[in-house]
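*Asks:* TSV, C-alpha atoms, file protein.tsv:
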```
chain	number	residue	atom	x	y	z
G	1	MET	CA	93.08	77.32	82.11
G	2	GLN	CA	93.23	79.78	79.18
G	3	THR	CA	92.82	83.50	79.79
G	4	TYR	CA	89.77	83.60	77.53
G	5	ILE	CA	86.90	81.37	78.67
G	6	ASP	CA	84.64	80.14	75.87
G	7	TYR	CA	81.39	79.53	77.74
G	8	ARG	CA	80.23	77.12	75.03
G	9	LYS	CA	83.15	74.74	75.57
G	10	ALA	CA	84.18	75.28	79.20
G	11	GLN	CA	83.56	72.68	81.87
G	12	LYS	CA	80.91	74.32	84.04
G	13	PRO	CA	80.92	75.59	86.68
G	14	LEU	CA	84.48	76.89	86.54
G	15	ASN	CA	86.90	75.72	89.20
G	16	LEU	CA	87.45	79.19	90.65
G	17	ASP	CA	87.00	80.42	94.22
G	18	ASN	CA	87.33	83.74	96.06
G	19	PHE	CA	87.88	85.73	92.90
G	20	ILE	CA	86.96	89.28	91.83
G	21	VAL	CA	84.71	90.04	88.86
G	22	GLU	CA	84.49	93.26	86.84
G	23	ILE	CA	81.35	93.59	84.73
G	24	GLY	CA	81.89	95.75	81.65
G	25	PHE	CA	85.67	96.25	81.81
G	26	GLY	CA	85.82	98.44	78.66
G	27	SER	CA	89.44	99.27	77.83
G	28	GLY	CA	90.59	96.85	80.53
G	29	ASP	CA	92.93	99.37	82.14
G	30	PHE	CA	91.19	99.30	85.54
G	31	LEU	CA	91.22	95.50	85.61
G	32	ILE	CA	94.84	95.37	84.46
G	33	ALA	CA	95.88	97.79	87.20
G	34	LEU	CA	94.10	95.74	89.88
G	35	ALA	CA	95.66	92.51	88.65
G	36	GLU	CA	99.16	94.00	88.55
G	37	ARG	CA	98.87	95.36	92.10
G	38	ASN	CA	97.35	92.13	93.43
G	39	ARG	CA	99.19	89.26	91.77
G	40	GLU	CA	97.94	86.79	94.40
G	41	GLU	CA	94.30	87.50	93.51
G	42	ILE	CA	92.28	86.03	90.64
G	43	PHE	CA	90.24	88.42	88.47
G	44	PHE	CA	87.51	87.76	85.92
G	45	GLY	CA	86.30	90.28	83.33
G	46	ILE	CA	82.93	90.14	81.56
G	47	GLU	CA	82.08	91.98	78.33
G	48	LYS	CA	79.49	91.52	75.59
G	49	SER	CA	81.67	92.63	72.66
G	50	TRP	CA	84.77	91.13	71.07
G	51	ILE	CA	86.53	94.52	70.81
G	52	PRO	CA	87.20	95.04	74.57
G	53	VAL	CA	87.92	91.33	75.02
G	54	ASN	CA	90.59	91.37	72.32
G	55	LYS	CA	92.11	94.56	73.77
G	56	LEU	CA	92.30	92.98	77.22
G	57	LEU	CA	93.88	89.78	75.90
G	58	LYS	CA	96.56	91.76	74.05
G	59	LYS	CA	97.36	93.84	77.14
G	60	CYS	CA	97.57	90.74	79.33
G	61	LYS	CA	100.00	89.12	76.91
G	62	LEU	CA	102.10	92.27	76.51
G	63	ARG	CA	102.40	92.81	80.27
G	64	GLU	CA	102.66	89.11	81.15
G	65	ILE	CA	99.58	89.14	83.37
G	66	ASN	CA	98.31	85.65	84.15
G	67	ASN	CA	95.78	86.27	86.93
G	68	ILE	CA	92.95	87.57	84.72
G	69	TYR	CA	90.30	85.50	82.96
G	70	CYS	CA	87.56	86.90	80.76
G	71	THR	CA	84.57	85.92	78.68
G	72	ARG	CA	82.32	87.48	76.05
G	73	LEU	CA	78.82	87.07	77.39
G	74	ASP	CA	75.96	88.96	78.99
G	75	ALA	CA	76.74	89.33	82.70
G	76	TYR	CA	73.54	87.62	83.86
G	77	TRP	CA	74.33	84.48	81.88
G	78	ALA	CA	78.03	84.55	82.74
G	79	PHE	CA	77.14	84.37	86.45
G	80	GLN	CA	74.34	81.88	85.86
G	81	LEU	CA	76.32	79.49	83.66
G	82	LEU	CA	79.95	79.80	84.71
G	83	PHE	CA	80.28	80.51	88.43
G	84	LYS	CA	79.69	78.32	91.46
G	85	ASP	CA	77.47	79.53	94.27
G	86	LYS	CA	79.43	81.31	97.00
G	87	SER	CA	82.61	81.58	94.92
G	88	VAL	CA	82.88	85.30	94.06
G	89	LYS	CA	84.55	87.64	96.55
G	90	MET	CA	83.73	90.97	94.93
G	91	ILE	CA	81.81	92.33	91.92
G	92	ILE	CA	82.86	95.67	90.43
G	93	MET	CA	80.82	97.85	88.06
G	94	ASN	CA	82.38	101.12	86.93
G	95	TYR	CA	79.84	103.49	85.42
G	96	PRO	CA	77.35	100.91	84.16
G	97	ASP	CA	74.89	102.14	81.55
G	98	PRO	CA	71.96	103.63	83.54
G	99	TRP	CA	69.51	103.07	80.65
G	100	PHE	CA	67.64	106.31	81.26
G	101	LYS	CA	64.36	105.45	79.50
G	102	LYS	CA	61.69	103.67	81.53
G	103	SER	CA	61.22	101.24	78.66
G	104	HIS	CA	64.86	100.19	79.07
G	105	VAL	CA	64.75	99.41	82.80
G	106	GLU	CA	64.98	95.67	82.06
G	107	LYS	CA	68.47	96.23	80.64
G	108	ARG	CA	69.94	97.64	83.86
G	109	LEU	CA	72.68	95.54	85.44
G	110	THR	CA	71.21	96.07	88.90
G	111	LYS	CA	67.64	94.96	88.33
G	112	ARG	CA	66.53	92.52	91.05
G	113	GLU	CA	66.87	89.40	88.90
G	114	ASN	CA	70.53	90.21	88.24
G	115	LEU	CA	71.19	91.14	91.86
G	116	PHE	CA	69.68	87.82	92.94
G	117	ILE	CA	72.11	85.90	90.71
G	118	TYR	CA	75.05	88.01	91.90
G	119	ALA	CA	74.07	87.41	95.52
G	120	LYS	CA	73.88	83.63	95.02
G	121	LYS	CA	77.42	83.63	93.63
G	122	LEU	CA	78.90	85.93	96.30
G	123	ILE	CA	80.63	84.45	99.32
G	124	PRO	CA	79.27	85.45	102.76
G	125	ASN	CA	80.15	89.12	103.31
G	126	GLY	CA	81.06	89.44	99.65
G	127	GLU	CA	80.48	92.86	98.11
G	128	ILE	CA	79.17	94.54	94.98
G	129	LYS	CA	80.91	97.87	94.35
G	130	ILE	CA	79.31	100.25	91.86
G	131	ARG	CA	80.48	103.69	90.72
G	132	THR	CA	78.03	105.91	88.83
G	133	ASP	CA	77.34	109.52	87.93
G	134	ASP	CA	73.57	108.97	87.68
G	135	TYR	CA	71.63	109.40	90.94
G	136	PRO	CA	68.36	107.90	89.64
G	137	PHE	CA	70.42	104.77	88.95
G	138	VAL	CA	71.58	104.87	92.59
G	139	GLU	CA	67.96	105.05	93.77
G	140	PHE	CA	66.91	102.24	91.44
G	141	THR	CA	69.76	100.00	92.63
G	142	LEU	CA	68.91	100.55	96.29
G	143	GLN	CA	65.22	99.82	95.69
G	144	GLU	CA	66.00	96.60	93.84
G	145	SER	CA	68.55	95.46	96.43
G	146	ASN	CA	66.12	96.11	99.30
G	147	PHE	CA	63.62	93.78	97.64
G	148	LEU	CA	66.03	90.84	98.09
G	149	LYS	CA	66.56	91.47	101.84
G	150	CYS	CA	70.13	90.18	101.78
G	151	PHE	CA	72.35	93.25	101.44
G	152	SER	CA	73.52	95.98	103.74
G	153	THR	CA	74.04	99.15	101.71
G	154	SER	CA	76.18	102.26	101.82
G	155	ILE	CA	76.51	105.29	99.53
G	156	SER	CA	79.32	107.84	99.37
G	157	ASN	CA	80.79	110.57	97.18
G	158	PRO	CA	84.33	109.32	96.56
G	159	SER	CA	87.48	111.35	96.14
G	160	ILE	CA	88.51	110.76	92.53
G	161	ASN	CA	92.28	110.44	92.31
G	162	GLU	CA	94.60	110.42	89.34
G	163	PRO	CA	94.73	108.85	86.87
G	164	LEU	CA	91.23	109.83	85.80
G	165	THR	CA	89.32	108.07	83.08
G	166	LYS	CA	88.26	110.24	80.13
G	167	TYR	CA	84.69	110.06	81.40
G	168	GLU	CA	85.65	111.16	84.92
G	169	LYS	CA	87.60	114.11	83.53
G	170	LYS	CA	84.58	115.17	81.50
G	171	TRP	CA	82.07	114.75	84.31
G	172	LEU	CA	84.21	116.44	86.98
G	173	SER	CA	84.88	119.38	84.64
G	174	MET	CA	81.10	119.70	84.27
G	175	GLY	CA	80.69	119.73	88.05
G	176	LYS	CA	78.82	116.45	88.11
G	177	SER	CA	78.68	114.37	91.28
G	178	ILE	CA	79.86	110.78	91.43
G	179	TRP	CA	78.55	108.11	93.79
G	180	ASP	CA	79.91	104.84	95.10
G	181	ILE	CA	77.40	102.17	96.10
G	182	VAL	CA	78.48	99.17	98.18
G	183	LEU	CA	76.12	96.21	98.59
G	184	LYS	CA	77.41	93.75	101.18
G	185	LYS	CA	75.91	90.27	101.32
G	186	GLU	CA	74.67	89.63	104.85
G	187	LYS	CA	72.58	86.52	104.11
G	188	GLU	CA	71.10	84.55	101.24
G	189	PRO	CA	68.63	86.51	99.05
G	190	ALA	CA	64.88	86.11	99.21
G	191	LEU	CA	63.79	83.67	96.52
G	192	ILE	CA	62.48	85.13	93.28
G	193	GLU	CA	61.73	83.64	89.88
G	194	VAL	CA	64.68	83.95	87.49
G	195	LYS	CA	65.42	82.91	83.93
G	196	LYS	CA	67.27	79.62	83.50
G	197	ILE	CA	68.44	77.56	80.57
G	198	THR	CA	69.40	73.91	80.66
G	199	GLU	CA	72.41	72.51	78.82
G	200	VAL	CA	72.36	69.07	77.20
G	201	LYS	CA	75.36	66.86	76.49
G	202	GLU	CA	74.39	66.14	72.91
G	203	LEU	CA	72.03	67.49	70.29
G	204	PHE	CA	70.22	64.85	68.29
G	205	PRO	CA	69.42	65.39	64.60
G	206	VAL	CA	65.81	64.93	63.54
G	207	GLU	CA	64.70	63.04	60.45
G	208	VAL	CA	61.98	64.34	58.14
G	209	PHE	CA	60.57	61.65	55.85
G	210	ASN	CA	59.72	63.92	52.95
G	211	LYS	CA	61.13	63.76	49.44
G	212	GLU	CA	61.07	67.56	49.25
G	213	LEU	CA	61.10	70.44	51.74
G	214	ASN	CA	58.83	73.46	51.57
G	215	ILE	CA	61.55	75.88	52.58
G	216	ASN	CA	59.18	78.84	52.11
G	217	ALA	CA	57.48	77.70	55.31
G	218	ILE	CA	60.37	79.15	57.34
G	219	SER	CA	62.32	81.60	55.15
G	220	HIS	CA	62.38	85.10	56.73
G	221	LYS	CA	59.73	84.21	59.30
G	222	GLU	CA	59.42	84.33	63.09
G	223	PHE	CA	58.01	81.62	65.35
G	224	LYS	CA	57.02	81.26	68.98
G	225	ILE	CA	57.97	77.68	69.78
G	226	GLU	CA	56.80	77.97	73.40
G	227	GLU	CA	56.73	80.60	76.13
G	228	GLY	CA	60.24	82.08	76.36
G	229	LEU	CA	61.50	80.32	73.21
G	230	TYR	CA	61.41	82.33	69.98
G	231	LEU	CA	62.95	81.58	66.59
G	232	LYS	CA	63.68	83.95	63.73
G	233	CYS	CA	64.75	82.52	60.37
G	234	PHE	CA	66.64	84.62	57.84
G	235	SER	CA	68.38	83.65	54.60
G	236	VAL	CA	68.28	80.14	53.18
G	237	TRP	CA	71.03	78.72	50.99
G	238	LYS	CA	70.58	75.69	48.75
G	239	ARG	CA	73.21	73.39	47.32
G	240	ASN	CA	71.91	70.52	45.25
G	241	GLN	CA	69.18	69.14	47.56
G	242	ASP	CA	70.71	70.38	50.83
G	243	TYR	CA	69.78	73.57	52.68
G	244	ALA	CA	71.40	75.88	55.25
G	245	ILE	CA	69.16	78.21	57.25
G	246	GLU	CA	70.44	81.27	59.14
G	247	VAL	CA	68.60	81.58	62.46
G	248	VAL	CA	68.56	83.51	65.73
G	249	LEU	CA	67.13	81.77	68.79
G	250	SER	CA	65.97	83.59	71.93
G	251	GLU	CA	65.76	81.20	74.88
G	252	LYS	CA	64.71	82.98	78.07
G	253	ASP	CA	66.34	86.07	76.45
G	254	PHE	CA	69.59	84.13	75.90
G	255	LEU	CA	70.42	84.79	72.23
G	256	GLN	CA	72.25	82.48	69.87
G	257	ALA	CA	72.84	82.92	66.14
G	258	PHE	CA	73.73	79.83	64.13
G	259	LEU	CA	73.04	77.76	61.02
G	260	ILE	CA	70.62	74.86	60.78
G	261	THR	CA	71.13	72.37	57.98
G	262	ALA	CA	68.66	70.13	56.16
G	263	LYS	CA	70.58	67.40	54.33
G	264	LYS	CA	68.97	64.99	51.87
G	265	LYS	CA	69.53	61.28	52.57
G	266	ASP	CA	67.76	58.94	50.16
G	267	GLU	CA	64.03	59.46	50.87
G	268	TYR	CA	64.36	61.79	53.88
G	269	PHE	CA	66.10	64.89	55.26
G	270	ILE	CA	68.23	65.22	58.39
G	271	ILE	CA	67.65	68.46	60.33
G	272	ASP	CA	70.67	69.43	62.46
G	273	VAL	CA	72.86	72.29	63.68
G	274	SER	CA	75.63	73.03	61.18
G	275	GLN	CA	79.02	71.62	62.08
G	276	PHE	CA	80.40	75.12	61.45
G	277	SER	CA	78.22	76.70	64.17
G	278	GLU	CA	79.61	76.92	67.70
G	279	ILE	CA	76.72	77.13	70.14
G	280	LEU	CA	75.78	76.39	73.69
G	281	LYS	CA	73.91	73.10	73.51
G	282	THR	CA	70.61	73.66	75.28
G	283	GLU	CA	67.17	72.12	75.53
G	284	GLY	CA	65.88	75.07	73.53
G	285	VAL	CA	68.11	74.25	70.56
G	286	GLN	CA	66.89	70.65	70.59
G	287	LYS	CA	63.27	71.83	70.76
G	288	THR	CA	63.98	74.08	67.78
G	289	LEU	CA	65.21	71.16	65.66
G	290	ASN	CA	62.10	69.18	66.60
G	291	PHE	CA	59.86	72.17	65.87
G	292	LEU	CA	61.31	72.75	62.39
G	293	ALA	CA	61.07	69.07	61.54
G	294	ASN	CA	57.36	69.05	62.47
G	295	LEU	CA	56.82	72.28	60.56
G	296	PHE	CA	58.31	70.81	57.39
G	297	VAL	CA	56.05	67.79	57.70
G	298	GLU	CA	52.94	69.94	58.19
G	299	ALA	CA	53.86	72.26	55.31
G	300	LEU	CA	53.54	69.52	52.68
```
Any chance you could give the structure as structure tokens?

*Replies:*
Amino acid sequence: MQTYIDYRKAQKPLNLDNFIVEIGFGSGDFLIALAERNREEIFFGIEKSWIPVNKLLKKCKLREINNIYCTRLDAYWAFQLLFKDKSVKMIIMNYPDPWFKKSHVEKRLTKRENLFIYAKKLIPNGEIKIRTDDYPFVEFTLQESNFLKCFSTSISNPSINEPLTKYEKKWLSMGKSIWDIVLKKEKEPALIEVKKITEVKELFPVEVFNKELNINAISHKEFKIEEGLYLKCFSVWKRNQDYAIEVVLSEKDFLQAFLITAKKKDEYFIIDVSQFSEILKTEGVQKTLNFLANLFVEAL
């Protein structure tokens, strides 16, 4: 298995057991140090940006570390899509963004929906370890974890030893307190409704039996295809009688940006995902192709 896991191409769920996950590994130094000290363990890092992923991959190669895997994906979907139930030994979050504003609560890594998914993937007695400098975030995390009725919890003020991160140096010099939260899985979580997406093996192109396309029907417009499935169309490029449409699709808040093509064939057009777009093949993408095909028909 390669160090970098492309969630769009990987065979899911991954064949990993009893491994340790760090959500938001940043520079990667903490994860690298853990992996070097514990060569017999398997580690998995999750980040949303290419910059930390590329830094981690370079450090792993330079230091010949082969017990770390990583992916570039939102943590909720990484757990949902990639990991087997009862396969993760420990989840680590170092100073996750507390998202101070009330309007941003849904972005917190420890909201109950996320904690439910983490709990399902944790082995019995598996743990979530969180370090934060924001006490309201501590309170929020405890409230959300209590709702699931599956964790025992503990809070402590840790002794911060060298080497310190740049953030720890800053916060300690300011006299700020730091808290460790440990959530230990005692049983399976209480059932709650969570977001899910369904993969499909193949996406099928859709034929539109029109001689022309009214491309203005979609250019720079937004559509609600169904509840939880939203499409935004941007620029449209034309070459001869073929089109390429830049789109962003939100499927249960899972975002994908890609190109949709409309290629002329005799007396009809074929609506499909561009061969140059790498995407996760989902039911939502197929519904989008069907929706656009119907829209083109209705527009003429």

*Asks:* Set the distance at 7 Å and use only C-alpha atoms: which residues neighbour G:Thr132 once local chain neighbours fewer than 3 positions away are removed? I'd like the list as a ChimeraX atom specification.

*Replies:* /G:94-96,178-180

*Asks:* Please, could you write that set of residues out with C-alpha atoms as a PDB file, keeping the file's coordinate frame?

*Replies:*
```pdb
ATOM      1  CA  ASN G  94      82.380 101.120  86.930  1.00  0.00           C
ATOM      2  CA  TYR G  95      79.840 103.490  85.420  1.00  0.00           C
ATOM      3  CA  PRO G  96      77.350 100.910  84.160  1.00  0.00           C
ATOM      4  CA  ILE G 178      79.860 110.780  91.430  1.00  0.00           C
ATOM      5  CA  TRP G 179      78.550 108.110  93.790  1.00  0.00           C
ATOM      6  CA  ASP G 180      79.910 104.840  95.100  1.00  0.00           C
TER       7      ASP G 180
END
```

*Asks:* Enter the distance from atom CA of G:Glu144 to atom CA of G:Ile46, in Å, rounded to one decimal.

*Replies:*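 These atoms are spaced 21.9 Å apart.
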
*Asks:* Which is closer to G:Pro98 than all the others in G:Pro189, G:Gly126, G:Pro136, G:Pro158, using only C-alpha atoms?

*Replies:*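 Ranking G:Pro189, G:Gly126, G:Pro136, G:Pro158 by distance to G:Pro98, first place goes to G:Pro136.
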
*Asks:* Quote the spacing between atom CA of G:Asn67 and atom CA of G:Phe43 in Å to one decimal place.

*Replies:*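 Going from atom CA of G:Asn67 over to atom CA of G:Phe43 covers 6.1 Å.
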
*Asks:* Which value, in Å to one decimal, gives the distance between atom CA of G:Lys170 and atom CA of G:Leu31?

*Replies:*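 Spanning atom CA of G:Lys170 to atom CA of G:Leu31 is a straight-line distance of 21.2 Å.
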
*Asks:* With 10 Å as the threshold, what does the neighbourhood of (59.7, 81.6, 60.0) contain in terms of residues, counting all atoms listed in the file? Coordinates are those of the file; answer as a PyMOL selection string.

*Replies:* chain G and resi 215-224+231-234+247+292+295

*Asks:* Considering all atoms listed in the file, can you say which of G:Ser250, G:Asn114, G:Asn214, G:Gln11 comes closest to G:Tyr76?

*Replies:* G:Asn114

*Asks:* I need the residue nearest G:Asp97 from this list: G:Leu255, G:Leu57, G:Val138, G:Met174. Use only C-alpha atoms for the distance.

*Replies:*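 Counting only C-alpha atoms, the residue closest to G:Asp97 is G:Val138.
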
*Asks:* Would you mind listing what lies within 8 Å of G:Cys70 as an mmCIF file with C-alpha atoms, in the frame of the given file, with all atoms listed in the file counted and same-chain residues fewer than 4 positions away left out?

*Replies:*
```cif
data_model
loop_
_atom_site.group_PDB
_atom_site.id
_atom_site.type_symbol
_atom_site.label_atom_id
_atom_site.label_comp_id
_atom_site.auth_asym_id
_atom_site.auth_seq_id
_atom_site.Cartn_x
_atom_site.Cartn_y
_atom_site.Cartn_z
ATOM 1 C CA THR G 3 92.820 83.500 79.790
ATOM 2 C CA TYR G 4 89.770 83.600 77.530
ATOM 3 C CA ILE G 5 86.900 81.370 78.670
ATOM 4 C CA PHE G 44 87.510 87.760 85.920
ATOM 5 C CA GLY G 45 86.300 90.280 83.330
ATOM 6 C CA ILE G 46 82.930 90.140 81.560
ATOM 7 C CA GLU G 47 82.080 91.980 78.330
ATOM 8 C CA VAL G 53 87.920 91.330 75.020
#
```

*Asks:* Give me, as a VMD selection string, all polymer residues having an atom no more than 9 Å from stretch 237-242 of chain G, counting all atoms listed in the file and skipping those fewer than 5 positions away in the same chain.

*Replies:* chain G and resid 212 261 to 264 269

*Asks:* Based on the selection just made, write C-alpha atoms of those residues as a short mmCIF file (atom, residue, chain, number, x, y, z; two decimals), in the frame of the given file.

*Replies:*
```
data_model
loop_
_atom_site.label_atom_id
_atom_site.label_comp_id
_atom_site.auth_asym_id
_atom_site.auth_seq_id
_atom_site.Cartn_x
_atom_site.Cartn_y
_atom_site.Cartn_z
CA GLU G 212 61.07 67.56 49.25
CA THR G 261 71.13 72.37 57.98
CA ALA G 262 68.66 70.13 56.16
CA LYS G 263 70.58 67.40 54.33
CA LYS G 264 68.97 64.99 51.87
CA PHE G 269 66.10 64.89 55.26
#
```

*Asks:* In terms of the shortest atom-to-atom distance over all atoms listed in the file, which of G:Glu186, G:Asp272, G:Glu193, G:Glu283 is closest to G:Leu229?

*Replies:*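 Closest to G:Leu229 of all the choices is G:Glu283.
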